[in-house]
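Undergrad: Hey, dropping structure-v8.csv in here, CSV, C-alpha atoms and all ligand atoms:
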```csv
chain,number,residue,atom,x,y,z
A,1,MET,CA,18.2,13.2,6.3
A,2,SER,CA,17.0,16.6,7.5
A,3,MET,CA,17.1,19.9,5.6
A,4,LEU,CA,17.3,23.4,7.1
A,5,ILE,CA,15.6,26.1,5.0
A,6,THR,CA,16.8,29.6,5.9
A,7,GLY,CA,16.6,33.0,4.3
A,8,ILE,CA,12.8,33.1,4.6
A,9,ALA,CA,11.8,36.8,4.8
A,10,GLU,CA,8.2,35.9,5.8
A,11,LEU,CA,6.9,32.4,6.7
A,12,VAL,CA,3.1,32.3,6.4
A,13,THR,CA,1.9,29.3,8.5
A,14,CYS,CA,-1.9,30.1,8.5
A,15,ASP,CA,-1.7,29.0,12.2
A,16,ASP,CA,-3.5,31.8,14.0
A,17,THR,CA,-2.4,30.6,17.4
A,18,LEU,CA,1.3,30.5,16.5
A,19,GLU,CA,3.5,32.0,19.3
A,20,GLY,CA,5.8,34.8,18.1
A,21,ALA,CA,3.8,35.6,15.0
A,22,LEU,CA,3.6,39.2,13.8
A,23,ASP,CA,1.0,41.1,15.7
A,24,GLU,CA,-0.1,43.5,13.0
A,25,PRO,CA,-3.6,43.7,11.5
A,26,LEU,CA,-2.2,43.4,8.0
A,27,HIS,CA,-1.2,39.8,8.8
A,28,ALA,CA,-4.2,38.9,10.9
A,29,GLY,CA,-4.9,35.2,11.1
A,30,LEU,CA,-1.9,34.2,9.0
A,31,GLY,CA,0.6,33.3,11.7
A,32,VAL,CA,3.5,35.1,10.0
A,33,LEU,CA,7.1,34.7,11.2
A,34,ARG,CA,9.7,37.2,9.9
A,35,ASP,CA,13.3,36.0,9.3
A,36,ALA,CA,12.2,32.5,9.8
A,37,ALA,CA,13.7,29.0,9.2
A,38,VAL,CA,12.1,25.6,8.8
A,39,VAL,CA,13.6,22.1,9.2
A,40,ILE,CA,12.1,19.3,7.2
A,41,GLY,CA,12.8,15.6,7.2
A,42,GLY,CA,11.6,12.3,5.7
A,43,GLY,CA,9.2,9.9,7.4
A,44,GLY,CA,5.8,11.2,6.4
A,45,GLU,CA,3.1,9.5,4.4
A,46,ASP,CA,4.7,8.0,1.2
A,47,ASN,CA,8.0,9.0,2.7
A,48,ALA,CA,7.2,12.7,1.8
A,49,PRO,CA,9.1,15.2,3.9
A,50,THR,CA,7.4,16.6,6.9
A,51,VAL,CA,8.0,19.7,9.0
A,52,GLN,CA,10.1,18.9,12.0
A,53,TRP,CA,10.7,22.4,13.3
A,54,LEU,CA,9.9,26.0,12.5
A,55,GLY,CA,10.8,29.3,14.2
A,56,PRO,CA,13.1,32.3,14.1
A,57,ALA,CA,16.2,31.7,12.0
A,58,SER,CA,18.3,32.8,15.0
A,59,GLN,CA,17.1,29.7,17.0
A,60,ALA,CA,17.3,27.2,14.2
A,61,PRO,CA,18.7,23.8,15.0
A,62,GLN,CA,21.4,22.0,13.0
A,63,ALA,CA,20.4,19.8,10.0
A,64,ASP,CA,22.1,17.5,7.6
A,65,TRP,CA,22.1,20.2,4.9
A,66,ALA,CA,20.8,23.7,4.3
A,67,VAL,CA,19.1,25.7,1.6
A,68,ASP,CA,19.1,29.5,1.7
A,69,LEU,CA,16.0,31.2,0.1
A,70,GLU,CA,17.8,34.5,0.0
A,71,GLY,CA,14.9,36.7,1.3
A,72,ARG,CA,12.0,35.1,-0.4
A,73,SER,CA,8.7,34.2,1.4
A,74,VAL,CA,7.0,30.9,2.0
A,75,ILE,CA,3.3,30.2,2.2
A,76,PRO,CA,1.3,26.9,2.4
A,77,GLY,CA,0.8,25.3,-1.0
A,78,LEU,CA,-2.4,26.9,-2.4
A,79,VAL,CA,-5.6,24.8,-2.4
A,80,ASP,CA,-7.8,25.0,-5.4
A,81,SER,CA,-11.0,23.4,-4.2
A,82,HIS,CA,-13.1,23.7,-7.4
A,83,SER,CA,-12.0,22.9,-10.9
A,84,HIS,CA,-13.2,21.1,-14.0
A,85,LEU,CA,-10.0,20.1,-15.7
A,86,VAL,CA,-11.0,17.0,-17.7
A,87,PHE,CA,-12.2,18.5,-21.0
A,88,ALA,CA,-11.3,19.0,-24.6
A,89,GLY,CA,-12.3,21.7,-27.1
A,90,ASP,CA,-12.3,25.5,-27.1
A,91,ARG,CA,-14.9,28.1,-26.2
A,92,SER,CA,-12.9,31.3,-26.5
A,93,ALA,CA,-15.5,32.7,-28.9
A,94,GLU,CA,-18.2,32.3,-26.2
A,95,PHE,CA,-15.9,34.4,-23.9
A,96,ALA,CA,-15.6,37.1,-26.5
A,97,ALA,CA,-19.4,37.2,-26.9
A,98,ARG,CA,-19.9,37.6,-23.2
A,99,MET,CA,-17.5,40.5,-23.1
A,100,SER,CA,-19.9,42.1,-25.6
A,101,GLY,CA,-22.9,41.5,-23.4
A,102,THR,CA,-24.1,37.9,-24.1
A,103,PRO,CA,-25.2,36.5,-20.7
A,104,TYR,CA,-24.0,33.1,-19.5
A,105,ASP,CA,-26.7,30.4,-19.0
A,106,GLY,CA,-24.8,27.1,-19.0
A,107,GLY,CA,-25.8,26.3,-22.6
A,108,GLY,CA,-22.1,26.2,-23.7
A,109,ILE,CA,-21.4,23.1,-21.6
A,110,ALA,CA,-22.9,21.0,-24.3
A,111,VAL,CA,-20.1,22.2,-26.7
A,112,THR,CA,-17.5,20.9,-24.3
A,113,VAL,CA,-19.4,17.7,-23.8
A,114,GLU,CA,-19.2,16.9,-27.5
A,115,ALA,CA,-15.5,17.7,-27.8
A,116,THR,CA,-14.7,15.7,-24.6
A,117,ARG,CA,-16.6,12.6,-25.7
A,118,ALA,CA,-14.7,12.7,-29.0
A,119,ALA,CA,-11.3,13.0,-27.4
A,120,SER,CA,-9.1,9.9,-26.9
A,121,ASP,CA,-8.0,8.9,-23.4
A,122,ALA,CA,-4.4,9.9,-24.2
A,123,ASP,CA,-5.4,13.4,-25.4
A,124,LEU,CA,-7.6,14.0,-22.4
A,125,ARG,CA,-4.8,12.8,-20.0
A,126,ALA,CA,-2.3,15.0,-21.7
A,127,LEU,CA,-4.6,18.1,-21.4
A,128,LEU,CA,-5.3,17.3,-17.8
A,129,GLN,CA,-1.6,16.9,-16.9
A,130,GLN,CA,-0.7,20.1,-18.6
A,131,ARG,CA,-3.4,22.0,-16.6
A,132,VAL,CA,-2.3,20.5,-13.3
A,133,GLN,CA,1.3,21.4,-14.1
A,134,GLU,CA,0.1,25.0,-15.0
A,135,MET,CA,-1.5,25.1,-11.5
A,136,ARG,CA,1.7,24.0,-9.8
A,137,THR,CA,3.8,26.6,-11.5
A,138,GLN,CA,1.4,29.1,-9.9
A,139,GLY,CA,1.6,27.7,-6.4
A,140,THR,CA,-1.3,25.2,-6.3
A,141,THR,CA,-0.4,21.9,-4.6
A,142,THR,CA,-3.9,20.5,-3.8
A,143,VAL,CA,-6.6,20.5,-6.4
A,144,GLU,CA,-10.2,19.2,-6.6
A,145,ILE,CA,-11.3,18.0,-10.0
A,146,LYS,CA,-14.8,17.3,-11.2
A,147,SER,CA,-16.2,15.2,-14.0
A,148,GLY,CA,-19.2,16.6,-15.8
A,149,TYR,CA,-18.3,16.9,-19.5
A,150,GLY,CA,-19.0,13.2,-20.2
A,151,LEU,CA,-22.6,12.8,-19.1
A,152,THR,CA,-22.8,9.1,-20.2
A,153,VAL,CA,-21.9,6.3,-17.8
A,154,GLU,CA,-18.7,5.5,-19.7
A,155,ASP,CA,-17.6,9.1,-20.2
A,156,GLU,CA,-18.2,10.1,-16.6
A,157,VAL,CA,-16.3,7.0,-15.3
A,158,ARG,CA,-13.5,7.8,-17.7
A,159,ALA,CA,-13.2,11.5,-16.5
A,160,LEU,CA,-13.1,10.3,-12.8
A,161,ARG,CA,-10.5,7.7,-13.5
A,162,LEU,CA,-8.3,10.3,-15.2
A,163,ALA,CA,-8.8,12.8,-12.4
A,164,ARG,CA,-7.9,10.1,-9.9
A,165,GLU,CA,-4.5,9.8,-11.5
A,166,VAL,CA,-3.6,13.3,-10.4
A,167,THR,CA,-5.6,14.0,-7.2
A,168,SER,CA,-7.5,12.3,-4.4
A,169,GLU,CA,-10.1,15.1,-4.4
A,170,VAL,CA,-12.3,13.7,-7.2
A,171,THR,CA,-15.9,14.8,-7.7
A,172,TYR,CA,-18.7,13.1,-9.6
A,173,LEU,CA,-20.7,15.8,-11.5
A,174,GLY,CA,-23.0,13.7,-13.7
A,175,ALA,CA,-25.5,16.4,-12.7
A,176,HIS,CA,-23.7,19.2,-14.5
A,177,VAL,CA,-26.4,19.7,-17.0
A,178,VAL,CA,-29.0,17.5,-18.8
A,179,PRO,CA,-27.1,16.4,-21.9
A,180,PRO,CA,-28.6,17.7,-25.2
A,181,GLU,CA,-29.6,14.3,-26.5
A,182,ARG,CA,-31.9,13.9,-23.4
A,183,ARG,CA,-33.5,17.3,-23.3
A,184,ASP,CA,-36.8,16.4,-25.1
A,185,GLY,CA,-39.8,14.6,-23.9
A,186,GLY,CA,-39.3,12.7,-20.7
A,187,GLY,CA,-35.6,12.7,-21.2
A,188,ARG,CA,-34.9,15.0,-18.3
A,189,ALA,CA,-36.5,12.8,-15.7
A,190,ALA,CA,-34.8,9.7,-17.2
A,191,TYR,CA,-31.5,11.5,-17.0
A,192,VAL,CA,-31.9,12.3,-13.3
A,193,ASP,CA,-32.8,8.6,-12.8
A,194,LEU,CA,-29.6,7.7,-14.5
A,195,VAL,CA,-27.5,10.1,-12.5
A,196,CYS,CA,-28.9,8.7,-9.3
A,197,GLY,CA,-28.8,5.1,-10.4
A,198,GLU,CA,-26.6,3.3,-12.9
A,199,MET,CA,-24.2,6.2,-13.4
A,200,LEU,CA,-23.8,6.8,-9.7
A,201,GLU,CA,-23.1,3.1,-9.1
A,202,ALA,CA,-20.4,3.1,-11.7
A,203,CYS,CA,-18.9,6.4,-10.7
A,204,ALA,CA,-19.0,6.2,-6.8
A,205,PRO,CA,-15.9,3.9,-6.5
A,206,HIS,CA,-13.8,6.5,-8.3
A,207,ALA,CA,-14.9,9.6,-6.4
A,208,ARG,CA,-14.9,11.1,-3.0
A,209,TRP,CA,-17.5,13.8,-3.7
A,210,ILE,CA,-20.8,14.3,-5.5
A,211,ASP,CA,-21.8,17.7,-6.8
A,212,VAL,CA,-24.8,19.2,-8.6
A,213,PHE,CA,-25.3,22.3,-10.6
A,214,CYS,CA,-28.4,23.5,-8.7
A,215,GLU,CA,-29.7,26.5,-10.7
A,216,PRO,CA,-33.3,26.8,-11.6
A,217,ALA,CA,-32.4,30.0,-13.6
A,218,SER,CA,-30.6,27.8,-16.1
A,219,PRO,CA,-32.8,25.7,-18.4
A,220,HIS,CA,-29.9,23.2,-18.5
A,221,ALA,CA,-29.2,22.7,-14.8
A,222,PHE,CA,-31.2,21.2,-12.0
A,223,ASP,CA,-33.9,22.5,-9.7
A,224,ALA,CA,-34.2,22.1,-5.9
A,225,GLU,CA,-36.1,18.8,-6.0
A,226,GLU,CA,-33.8,17.2,-8.6
A,227,SER,CA,-30.7,18.4,-6.8
A,228,ARG,CA,-31.9,17.1,-3.4
A,229,ARG,CA,-32.6,13.7,-4.9
A,230,ILE,CA,-29.2,13.5,-6.6
A,231,LEU,CA,-27.3,14.6,-3.5
A,232,GLU,CA,-29.2,12.2,-1.2
A,233,ALA,CA,-28.5,9.3,-3.6
A,234,GLY,CA,-24.8,10.3,-3.6
A,235,ARG,CA,-24.7,10.4,0.1
A,236,ASP,CA,-26.4,7.0,0.3
A,237,ALA,CA,-23.6,5.7,-2.0
A,238,GLY,CA,-21.0,6.9,0.4
A,239,LEU,CA,-20.0,10.2,-1.3
A,240,GLU,CA,-19.6,13.5,0.5
A,241,LEU,CA,-21.5,16.5,-0.8
A,242,ARG,CA,-20.7,19.8,-2.7
A,243,VAL,CA,-23.1,22.1,-4.5
A,244,HIS,CA,-22.9,24.6,-7.3
A,245,GLY,CA,-25.4,27.1,-6.1
A,246,ASN,CA,-26.6,30.7,-6.4
A,247,GLN,CA,-24.4,31.4,-9.5
A,248,LEU,CA,-27.0,33.0,-11.7
A,249,SER,CA,-29.8,34.0,-9.3
A,250,GLU,CA,-30.9,33.7,-5.7
A,251,GLY,CA,-31.8,30.1,-5.9
A,252,PRO,CA,-32.2,27.1,-3.5
A,253,GLY,CA,-28.6,25.9,-3.7
A,254,VAL,CA,-27.3,27.5,-0.5
A,255,GLN,CA,-30.2,26.4,1.7
A,256,LEU,CA,-30.1,22.8,0.3
A,257,ALA,CA,-26.3,22.6,0.8
A,258,VAL,CA,-26.7,23.8,4.5
A,259,GLU,CA,-29.6,21.5,5.1
A,260,LEU,CA,-27.7,18.5,3.8
A,261,ASP,CA,-24.4,19.5,5.6
A,262,ALA,CA,-22.5,19.8,2.3
A,263,ALA,CA,-18.9,20.6,2.8
A,264,SER,CA,-19.1,23.5,0.4
A,265,VAL,CA,-21.5,25.6,-1.7
A,266,ASP,CA,-19.7,27.2,-4.5
A,267,HIS,CA,-20.3,30.5,-6.4
A,268,CYS,CA,-22.6,32.2,-3.8
A,269,THR,CA,-22.9,35.2,-6.2
A,270,PHE,CA,-26.6,36.0,-5.4
A,271,LEU,CA,-27.5,35.5,-1.7
A,272,SER,CA,-30.5,36.5,0.3
A,273,ASP,CA,-30.2,37.5,4.0
A,274,ALA,CA,-31.7,34.0,4.8
A,275,ASP,CA,-28.9,32.4,2.8
A,276,VAL,CA,-26.2,34.3,4.7
A,277,GLU,CA,-27.9,33.5,8.0
A,278,ALA,CA,-28.1,29.8,7.1
A,279,LEU,CA,-24.4,29.6,6.2
A,280,SER,CA,-23.3,31.5,9.3
A,281,GLY,CA,-24.8,28.8,11.6
A,282,SER,CA,-23.5,25.9,9.5
A,283,ARG,CA,-20.4,23.8,8.7
A,284,THR,CA,-20.8,24.5,5.0
A,285,VAL,CA,-18.1,26.7,3.5
A,286,ALA,CA,-19.0,29.4,1.0
A,287,THR,CA,-16.6,29.0,-1.8
A,288,LEU,CA,-16.3,32.1,-4.0
A,289,LEU,CA,-15.1,31.9,-7.6
A,290,PRO,CA,-14.3,35.5,-8.6
A,291,GLY,CA,-12.7,34.4,-11.9
A,292,VAL,CA,-16.2,33.4,-13.0
A,293,GLU,CA,-17.5,37.0,-12.5
A,294,PHE,CA,-14.5,38.3,-14.3
A,295,SER,CA,-15.2,36.0,-17.3
A,296,THR,CA,-19.0,36.4,-17.3
A,297,ARG,CA,-19.3,40.1,-16.5
A,298,GLN,CA,-21.6,39.2,-13.6
A,299,PRO,CA,-21.5,41.2,-10.3
A,300,TYR,CA,-18.9,39.8,-7.9
A,301,PRO,CA,-20.0,38.0,-4.7
A,302,ASP,CA,-19.9,40.0,-1.5
A,303,ALA,CA,-17.3,38.3,0.7
A,304,ARG,CA,-17.4,41.1,3.3
A,305,ARG,CA,-21.0,40.4,4.0
A,306,LEU,CA,-20.3,36.7,4.5
A,307,ILE,CA,-17.2,37.2,6.6
A,308,ASP,CA,-18.9,39.8,8.8
A,309,ALA,CA,-21.7,37.3,9.4
A,310,GLY,CA,-19.2,34.7,10.6
A,311,VAL,CA,-19.4,32.5,7.5
A,312,GLN,CA,-16.2,30.5,6.6
A,313,VAL,CA,-15.2,31.4,3.1
A,314,ALA,CA,-12.9,29.8,0.5
A,315,ILE,CA,-11.7,31.0,-2.9
A,316,ALA,CA,-11.0,28.7,-5.9
A,317,THR,CA,-10.5,29.1,-9.7
A,318,ASP,CA,-13.4,27.0,-11.0
A,319,CYS,CA,-11.0,26.5,-13.9
A,320,ASN,CA,-13.2,25.3,-16.8
A,321,PRO,CA,-13.6,26.2,-20.5
A,322,GLY,CA,-16.8,28.2,-20.1
A,323,THR,CA,-17.0,30.5,-17.2
A,324,CYS,CA,-13.3,30.9,-16.2
A,325,TYR,CA,-10.4,29.4,-18.1
A,326,SER,CA,-7.9,30.5,-15.6
A,327,SER,CA,-5.8,28.1,-13.4
A,328,SER,CA,-4.3,31.0,-11.4
A,329,MET,CA,-5.0,31.0,-7.6
A,330,PRO,CA,-2.8,34.2,-7.3
A,331,LEU,CA,-5.2,35.9,-9.7
A,332,MET,CA,-8.2,34.7,-7.7
A,333,ILE,CA,-6.5,36.2,-4.5
A,334,ALA,CA,-6.1,39.5,-6.3
A,335,LEU,CA,-9.7,39.5,-7.6
A,336,ALA,CA,-11.0,38.6,-4.1
A,337,VAL,CA,-9.1,41.6,-2.6
A,338,ARG,CA,-10.0,44.0,-5.4
A,339,GLU,CA,-13.6,43.0,-6.1
A,340,THR,CA,-15.2,41.1,-3.2
A,341,GLY,CA,-14.2,43.1,-0.2
A,342,MET,CA,-11.7,40.7,1.4
A,343,THR,CA,-8.5,42.0,3.0
A,344,PRO,CA,-5.3,40.5,1.5
A,345,ALA,CA,-4.9,38.4,4.7
A,346,GLU,CA,-8.5,37.1,4.4
A,347,ALA,CA,-8.0,36.3,0.8
A,348,LEU,CA,-4.8,34.3,1.4
A,349,ARG,CA,-6.5,32.4,4.3
A,350,ALA,CA,-9.5,31.7,1.9
A,351,ALA,CA,-7.0,30.2,-0.7
A,352,THR,CA,-5.3,28.0,1.9
A,353,VAL,CA,-7.0,27.0,5.2
A,354,GLY,CA,-10.4,28.1,4.0
A,355,ALA,CA,-10.2,26.0,0.8
A,356,ALA,CA,-8.8,23.1,2.8
A,357,ALA,CA,-11.9,23.4,5.1
A,358,SER,CA,-14.1,23.2,2.1
A,359,LEU,CA,-12.5,19.9,1.3
A,360,ARG,CA,-12.8,18.9,5.0
A,361,ARG,CA,-9.0,18.7,5.2
A,362,THR,CA,-6.8,19.9,8.0
A,363,ASP,CA,-3.5,18.4,6.6
A,364,VAL,CA,-3.1,21.0,3.9
A,365,GLY,CA,-3.4,24.8,3.7
A,366,ARG,CA,-1.2,25.2,6.8
A,367,ILE,CA,2.4,24.9,7.7
A,368,ALA,CA,2.9,23.2,11.1
A,369,VAL,CA,5.2,20.7,12.8
A,370,GLY,CA,4.2,17.2,11.8
A,371,LEU,CA,2.4,18.2,8.6
A,372,ARG,CA,3.7,17.3,5.1
A,373,ALA,CA,6.1,20.0,3.8
A,374,ASP,CA,3.6,21.4,1.3
A,375,PHE,CA,4.9,24.8,0.5
A,376,ALA,CA,4.7,27.5,-2.2
A,377,LEU,CA,7.5,30.0,-2.7
A,378,VAL,CA,6.8,33.7,-3.2
A,379,ASP,CA,9.6,35.4,-5.0
A,380,ALA,CA,9.3,38.6,-2.9
A,381,PRO,CA,10.1,39.9,0.6
A,382,SER,CA,6.4,39.6,1.6
A,383,TRP,CA,3.5,37.4,0.8
A,384,LEU,CA,1.6,40.6,0.2
A,385,HIS,CA,3.2,40.7,-3.2
A,386,ILE,CA,0.7,38.0,-4.3
A,387,PRO,CA,-2.2,40.5,-4.8
A,388,TYR,CA,0.1,43.5,-5.1
A,389,ARG,CA,2.0,42.2,-8.1
A,390,VAL,CA,-1.1,41.1,-9.9
A,391,GLY,CA,-0.4,39.2,-13.2
A,392,VAL,CA,3.3,38.7,-12.3
A,393,PRO,CA,4.3,35.1,-11.7
A,394,VAL,CA,5.7,35.5,-8.2
A,395,VAL,CA,4.3,32.3,-6.7
A,396,ARG,CA,5.2,28.7,-7.5
A,397,ALA,CA,5.0,25.3,-5.8
A,398,LEU,CA,8.3,24.6,-3.9
A,399,GLU,CA,9.7,21.3,-5.1
A,400,LEU,CA,11.5,19.6,-2.3
B,501,LIG,N1,-21.8,26.4,-13.5
B,501,LIG,C1,-21.5,25.2,-13.8
B,501,LIG,N2,-20.3,24.8,-14.2
B,501,LIG,C2,-19.2,25.6,-14.5
B,501,LIG,C3,-19.2,26.1,-15.9
B,501,LIG,C4,-19.0,25.1,-16.9
B,501,LIG,C5,-19.0,25.5,-18.3
B,501,LIG,O1,-19.7,26.5,-18.7
B,501,LIG,O2,-18.4,24.8,-19.1
B,501,LIG,C6,-19.0,26.6,-13.4
B,501,LIG,O3,-18.8,26.2,-12.3
B,501,LIG,O4,-19.1,27.8,-13.7
B,502,ZN,ZN,-17.8,24.7,-11.3
```
As a first step, turn the structure in this file into structure tokens.
Ligand SMILES: N=CN[C@@H](CCC(=O)O)C(=O)O
Ligand SMILES: [Zn+2]

TA:
Amino acid sequence: MSMLITGIAELVTCDDTLEGALDEPLHAGLGVLRDAAVVIGGGGEDNAPTVQWLGPASQAPQADWAVDLEGRSVIPGLVDSHSHLVFAGDRSAEFAARMSGTPYDGGGIAVTVEATRAASDADLRALLQQRVQEMRTQGTTTVEIKSGYGLTVEDEVRALRLAREVTSEVTYLGAHVVPPERRDGGGRAAYVDLVCGEMLEACAPHARWIDVFCEPASPHAFDAEESRRILEAGRDAGLELRVHGNQLSEGPGVQLAVELDAASVDHCTFLSDADVEALSGSRTVATLLPGVEFSTRQPYPDARRLIDAGVQVAIATDCNPGTCYSSSMPLMIALAVRETGMTPAEALRAATVGAAASLRRTDVGRIAVGLRADFALVDAPSWLHIPYRVGVPVVRALEL
């Protein structure tokens, strides 16, 4: 069975080589077709519908049945390449304190660790599913999810197993912080041993990625030497690498990520010229998380500087109970435009193909013949309404 989708005011493919795409700077790099149509049909992976044809509506072929979107727009499903969705508990008071000037240092993570350890599997699963659903209703169809609020072998494995139920992009983050019960004496070194040893062995089968919070400015996170050890152990266990780096200060995270060919270094709030130069000559994507700066009152990262230097950028929510409890990619697009110096087109690319690249994926974040029909619907005549109508729920995953 094939389905013809018509009435598409703007079809954003994110294919910058697409023939017939609008040739206007406003839409640069987005491969936008106006008054477009798409034909989808079964036969993809898991029998999911794939794109069989796309082009101007006036040239659309016949299909078994048709759907008219009545002047709405279609974009690739948004890709949220950085989230921490497996948690319990509440830290809204910490947010309020930050709004009055208390700085963020990672210390609140322990509060979530305690609440998460105490939660039942059923409660954690329900919270996770609710958050993933919240993302879908805002246009996100691919999500990466980290562990990191368990910090014992059993609790980390449990978080990864739960995450695996809702996504294939699962990240082992035993190296989120040193847990409170291990902070004294030689506990810190012993915890790094655990993260690289028994915990890694138990977690690796349930994850694709390993991540580390590399931030010497936080007494709770990991320095360059510890981070290198953790990432190398993960790589030896068959995991691919991601890094939380340069969130609170100009630290070693970016250089380490580039040196180890990590797929992504995330935050990139404080960067030296050497960091930008290293990123520009690398395959490592700089993932910006502007919701974190919104929720911590830190300065926003400078996307313009990175893009002008030729660095590939992504944006993601970092949805977590501490630094950004927002699951909204449309909000991140708006913040990236308003606060980090991206054009609207650059921000939408960063939330789709850019974020897909940070997961080393080329099968999502684009709309093209042969790819899975992974779309989000914009309830507006132009995709530009995503940042333009900030705070208004104009984007949702298109259920086919
Ligand atoms: N920085 C480390 N991890 C999260 C914050 C987690 C928390 O505070 O609970 C982040 O990406 O910002
Ligand atoms: Zn994070």

Undergrad: Ligand LIG 501 (chain B): which residues are within 10 Å, counting only C-alpha atoms and all ligand atoms, as a short mmCIF file (atom, residue, chain, number, x, y, z; two decimals) with C-alpha atoms, keeping the file's coordinate frame?

TA:
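Now in selection-v4.cif:
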```cif
data_model
loop_
_atom_site.label_atom_id
_atom_site.label_comp_id
_atom_site.auth_asym_id
_atom_site.auth_seq_id
_atom_site.Cartn_x
_atom_site.Cartn_y
_atom_site.Cartn_z
CA HIS A 82 -13.10 23.70 -7.40
CA SER A 83 -12.00 22.90 -10.90
CA HIS A 84 -13.20 21.10 -14.00
CA PHE A 87 -12.20 18.50 -21.00
CA ARG A 91 -14.90 28.10 -26.20
CA GLU A 94 -18.20 32.30 -26.20
CA TYR A 104 -24.00 33.10 -19.50
CA ASP A 105 -26.70 30.40 -19.00
CA GLY A 106 -24.80 27.10 -19.00
CA GLY A 107 -25.80 26.30 -22.60
CA GLY A 108 -22.10 26.20 -23.70
CA ILE A 109 -21.40 23.10 -21.60
CA ALA A 110 -22.90 21.00 -24.30
CA VAL A 111 -20.10 22.20 -26.70
CA THR A 112 -17.50 20.90 -24.30
CA VAL A 113 -19.40 17.70 -23.80
CA LYS A 146 -14.80 17.30 -11.20
CA GLY A 148 -19.20 16.60 -15.80
CA TYR A 149 -18.30 16.90 -19.50
CA LEU A 173 -20.70 15.80 -11.50
CA ALA A 175 -25.50 16.40 -12.70
CA HIS A 176 -23.70 19.20 -14.50
CA VAL A 177 -26.40 19.70 -17.00
CA VAL A 212 -24.80 19.20 -8.60
CA PHE A 213 -25.30 22.30 -10.60
CA CYS A 214 -28.40 23.50 -8.70
CA GLU A 215 -29.70 26.50 -10.70
CA SER A 218 -30.60 27.80 -16.10
CA HIS A 220 -29.90 23.20 -18.50
CA ALA A 221 -29.20 22.70 -14.80
CA VAL A 243 -23.10 22.10 -4.50
CA HIS A 244 -22.90 24.60 -7.30
CA GLY A 245 -25.40 27.10 -6.10
CA ASN A 246 -26.60 30.70 -6.40
CA GLN A 247 -24.40 31.40 -9.50
CA LEU A 248 -27.00 33.00 -11.70
CA ASP A 266 -19.70 27.20 -4.50
CA HIS A 267 -20.30 30.50 -6.40
CA LEU A 289 -15.10 31.90 -7.60
CA GLY A 291 -12.70 34.40 -11.90
CA VAL A 292 -16.20 33.40 -13.00
CA GLU A 293 -17.50 37.00 -12.50
CA SER A 295 -15.20 36.00 -17.30
CA THR A 296 -19.00 36.40 -17.30
CA THR A 317 -10.50 29.10 -9.70
CA ASP A 318 -13.40 27.00 -11.00
CA CYS A 319 -11.00 26.50 -13.90
CA ASN A 320 -13.20 25.30 -16.80
CA PRO A 321 -13.60 26.20 -20.50
CA GLY A 322 -16.80 28.20 -20.10
CA THR A 323 -17.00 30.50 -17.20
CA CYS A 324 -13.30 30.90 -16.20
CA TYR A 325 -10.40 29.40 -18.10
#
```

Undergrad: Between A:Pro299, A:Gly42, A:Pro290, A:Pro103, which one has atoms that come closest to ligand ZN 502 (chain B), using only C-alpha atoms and all ligand atoms?

TA: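 Smallest separation from ligand ZN 502 (chain B) among the options: A:Pro290.
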
Undergrad: Counting all atoms listed in the file, select every polymer residue within 9 Å of (-21.4, 27.2, 9.7) as defined in the file's coordinates, and provide the selection as a PyMOL selection string.

TA: chain A and resi 258+278-285+310-312

Undergrad: So what do you get for CA of Glu259 in chain A versus CA of Asp363 in chain A, distance-wise?

TA: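 A separation of 26.3 Å between them.
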
Undergrad: From the set A:Val369, A:Ala207, A:Ala233, A:Val395, which residue has the shortest atom-to-atom contact distance to Glu134 in chain A, counting all atoms listed in the file?

TA: A:Val395

Undergrad: So that I can see what lies close to Ile8 in chain A, please list as a CSV table (one decimal) with C-alpha atoms, in the coordinates of the input the residues with an atom at most 9 Å from it, counting only C-alpha atoms and leaving out residues fewer than 2 positions away in the same chain.

TA:
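Saved file out.csv follows:
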```
chain,number,residue,atom,x,y,z
A,5,ILE,CA,15.6,26.1,5.0
A,6,THR,CA,16.8,29.6,5.9
A,10,GLU,CA,8.2,35.9,5.8
A,11,LEU,CA,6.9,32.4,6.7
A,33,LEU,CA,7.1,34.7,11.2
A,34,ARG,CA,9.7,37.2,9.9
A,35,ASP,CA,13.3,36.0,9.3
A,36,ALA,CA,12.2,32.5,9.8
A,37,ALA,CA,13.7,29.0,9.2
A,38,VAL,CA,12.1,25.6,8.8
A,57,ALA,CA,16.2,31.7,12.0
A,68,ASP,CA,19.1,29.5,1.7
A,69,LEU,CA,16.0,31.2,0.1
A,70,GLU,CA,17.8,34.5,0.0
A,71,GLY,CA,14.9,36.7,1.3
A,72,ARG,CA,12.0,35.1,-0.4
A,73,SER,CA,8.7,34.2,1.4
A,74,VAL,CA,7.0,30.9,2.0
A,381,PRO,CA,10.1,39.9,0.6
```

Undergrad: Can you work out the spacing between CA of Gly391 in chain A and CA of Leu331 in chain A in Å, to one decimal?

TA: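 Interatomic distance here is 6.8 Å.
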
Undergrad: Between A:Gly186, A:Ser264, A:Pro179, A:Gly29, which one has atoms that come closest to ligand ZN 502 (chain B), using only C-alpha atoms and all ligand atoms?

TA: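 The shortest atom-to-atom distance to ligand ZN 502 (chain B) comes from A:Ser264.
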
Undergrad: Work out how far apart CA of Arg297 in chain A and CA of Ala96 in chain A are and give it in Å to one decimal.

TA: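 Rounded to one decimal, the two atoms are 11.1 Å apart.
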
Undergrad: When you count only C-alpha atoms and all ligand atoms, which of these residues is closest to ligand ZN 502 (chain B): A:Leu260, A:Leu306, A:Ile145, A:Ala190?

TA: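 For ligand ZN 502 (chain B), the nearest of the candidates is A:Ile145.
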
Undergrad: Between A:Val166, A:Cys203, A:Leu30, A:Leu359, which is the closest to Arg136 in chain A once you count all atoms listed in the file?

TA: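 Between A:Val166, A:Cys203, A:Leu30, A:Leu359, the residue approaching Arg136 in chain A most closely is A:Val166.
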